[in-house]
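Undergrad: Quick one: this structure, given as structure tokens, is what I'll be asking you about.
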Amino acid sequence: MEFQPDVPRWRQVAAVIRNRIEDGTYPPRGRVPSVQQLVEEFGIATATAGKVNVGLKKEGLVYTEVGMGSFVTADALDILRNARAKEEDA
């Protein structure tokens with residue numbers, strides 16, 4: 001992935017994960033990549049990958065089960081659709 005210099009990398013990676021949730025690559029209740037997997041796939045620092053996870057959690061798109069990993073929330077698609085509708089109305 002080629003990163004845009006004017007957008008934080010964690011936001012760019014989070015956008016990729018959001019798109020994958022939306023297109024069904026990561027379905028509701030499905031596992032999303034771990035921090036280490038994000039580091040390996042995108043070539044980002046561990047701290048940056050951690051920010052991706054935190055950001056997606058704040059948006060309500062993923063949750064973490066200790067010892068199990070992070071998963072897509074059941075209502076992630078609705079959250080994404082609502083966010084997109086708000087962007088289009090703005």
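In the structure tokens, chains take the letters A, B, ... in the order shown, each chain's residues start at 1, and ligands count up from 1 in the order shown.
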Could you name the residues that touch Arg29 (chain A) at 6 Å or less, counting only C-alpha atoms, but leaving out those on the same chain fewer than 5 positions away, as JSON, numbers by chain?
TA: {"A": [71, 72, 73, 74]}
Undergrad: Export, as a short mmCIF file (atom, residue, chain, number, x, y, z; two decimals), in the first residue's frame, the selected residues with C-alpha atoms.
TA:
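Contents of selection05.cif, as written:
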```
data_model
loop_
_atom_site.label_atom_id
_atom_site.label_comp_id
_atom_site.auth_asym_id
_atom_site.auth_seq_id
_atom_site.Cartn_x
_atom_site.Cartn_y
_atom_site.Cartn_z
CA PHE A 71 -14.03 -9.06 15.87
CA VAL A 72 -16.48 -7.05 13.76
CA THR A 73 -19.50 -5.87 15.76
CA ALA A 74 -22.92 -7.19 14.78
#
```
Undergrad: Enumerate as a PyMOL selection string all residues of chain A assigned to helix (DSSP H, G or I) by DSSP on the backbone, naming them with the chain letters and numbers the document uses.
TA: chain A and resi 9-22+35-42+46-58+76-89
Undergrad: Write out as a PyMOL selection string all residues of region 15-75 of chain A that DSSP puts in strand (DSSP E or B) for this structure's backbone.
TA: chain A and resi 31+62-65+69-72
Undergrad: Using only N, CA, C and O atoms, please write the residues we just selected to a file, as a compact mmCIF listing (two decimals), in the first residue's frame.
TA:
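Output below, filename selection_24.txt:
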```txt
# COMPACT_ATOMS: atom_id res chain seq x y z
N ARG A 31 -13.50 -12.31 12.60
CA ARG A 31 -12.24 -11.81 13.15
C ARG A 31 -11.61 -10.80 12.19
O ARG A 31 -11.66 -10.97 10.98
N VAL A 62 -15.49 -2.59 15.81
CA VAL A 62 -14.87 -3.82 16.30
C VAL A 62 -14.89 -3.86 17.82
O VAL A 62 -15.06 -2.83 18.48
N TYR A 63 -14.76 -5.05 18.34
CA TYR A 63 -14.62 -5.26 19.79
C TYR A 63 -13.57 -6.32 20.00
O TYR A 63 -13.26 -7.10 19.07
N THR A 64 -12.99 -6.34 21.17
CA THR A 64 -11.94 -7.31 21.48
C THR A 64 -12.38 -8.23 22.59
O THR A 64 -12.97 -7.79 23.58
N GLU A 65 -12.11 -9.50 22.42
CA GLU A 65 -12.31 -10.49 23.48
C GLU A 65 -10.91 -10.90 23.93
O GLU A 65 -10.12 -11.40 23.12
N GLY A 69 -8.99 -12.22 20.39
CA GLY A 69 -8.74 -11.35 19.25
C GLY A 69 -9.81 -10.29 19.11
O GLY A 69 -10.65 -10.10 19.99
N SER A 70 -9.79 -9.61 17.99
CA SER A 70 -10.76 -8.55 17.70
C SER A 70 -11.71 -9.03 16.61
O SER A 70 -11.31 -9.73 15.67
N PHE A 71 -12.96 -8.59 16.74
CA PHE A 71 -14.03 -9.06 15.87
C PHE A 71 -14.90 -7.88 15.42
O PHE A 71 -15.01 -6.88 16.11
N VAL A 72 -15.56 -8.05 14.28
CA VAL A 72 -16.48 -7.05 13.76
C VAL A 72 -17.76 -7.09 14.60
O VAL A 72 -18.27 -8.17 14.90
```
Undergrad: Excluding Met68 (chain A) and its own-chain neighbours fewer than 6 positions away, which residues fall within 12 Å of it when counting only C-alpha atoms? Please give them as a count of residues only.
TA: 5
Undergrad: If we count only C-alpha atoms and set the cut-off at 12 Å, which residues sit around region 77-82 of chain A, ignoring sequence neighbours fewer than 5 positions away in its own chain? Please answer as a PyMOL selection string.
TA: chain A and resi 15+17-24+26-29+56-62+72+87-89
Undergrad: What separation in Å, quoted to one decimal, exists between CA of Ala47 (chain A) and CA of Asp6 (chain A)?
TA: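 About the pair CA of Ala47 (chain A) and CA of Asp6 (chain A): they are 18.7 Å apart.
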Undergrad: May I ask for the distance between CA of Ala49 (chain A) and CA of Val13 (chain A), given in Å to one decimal place?
TA: 8.2 Å
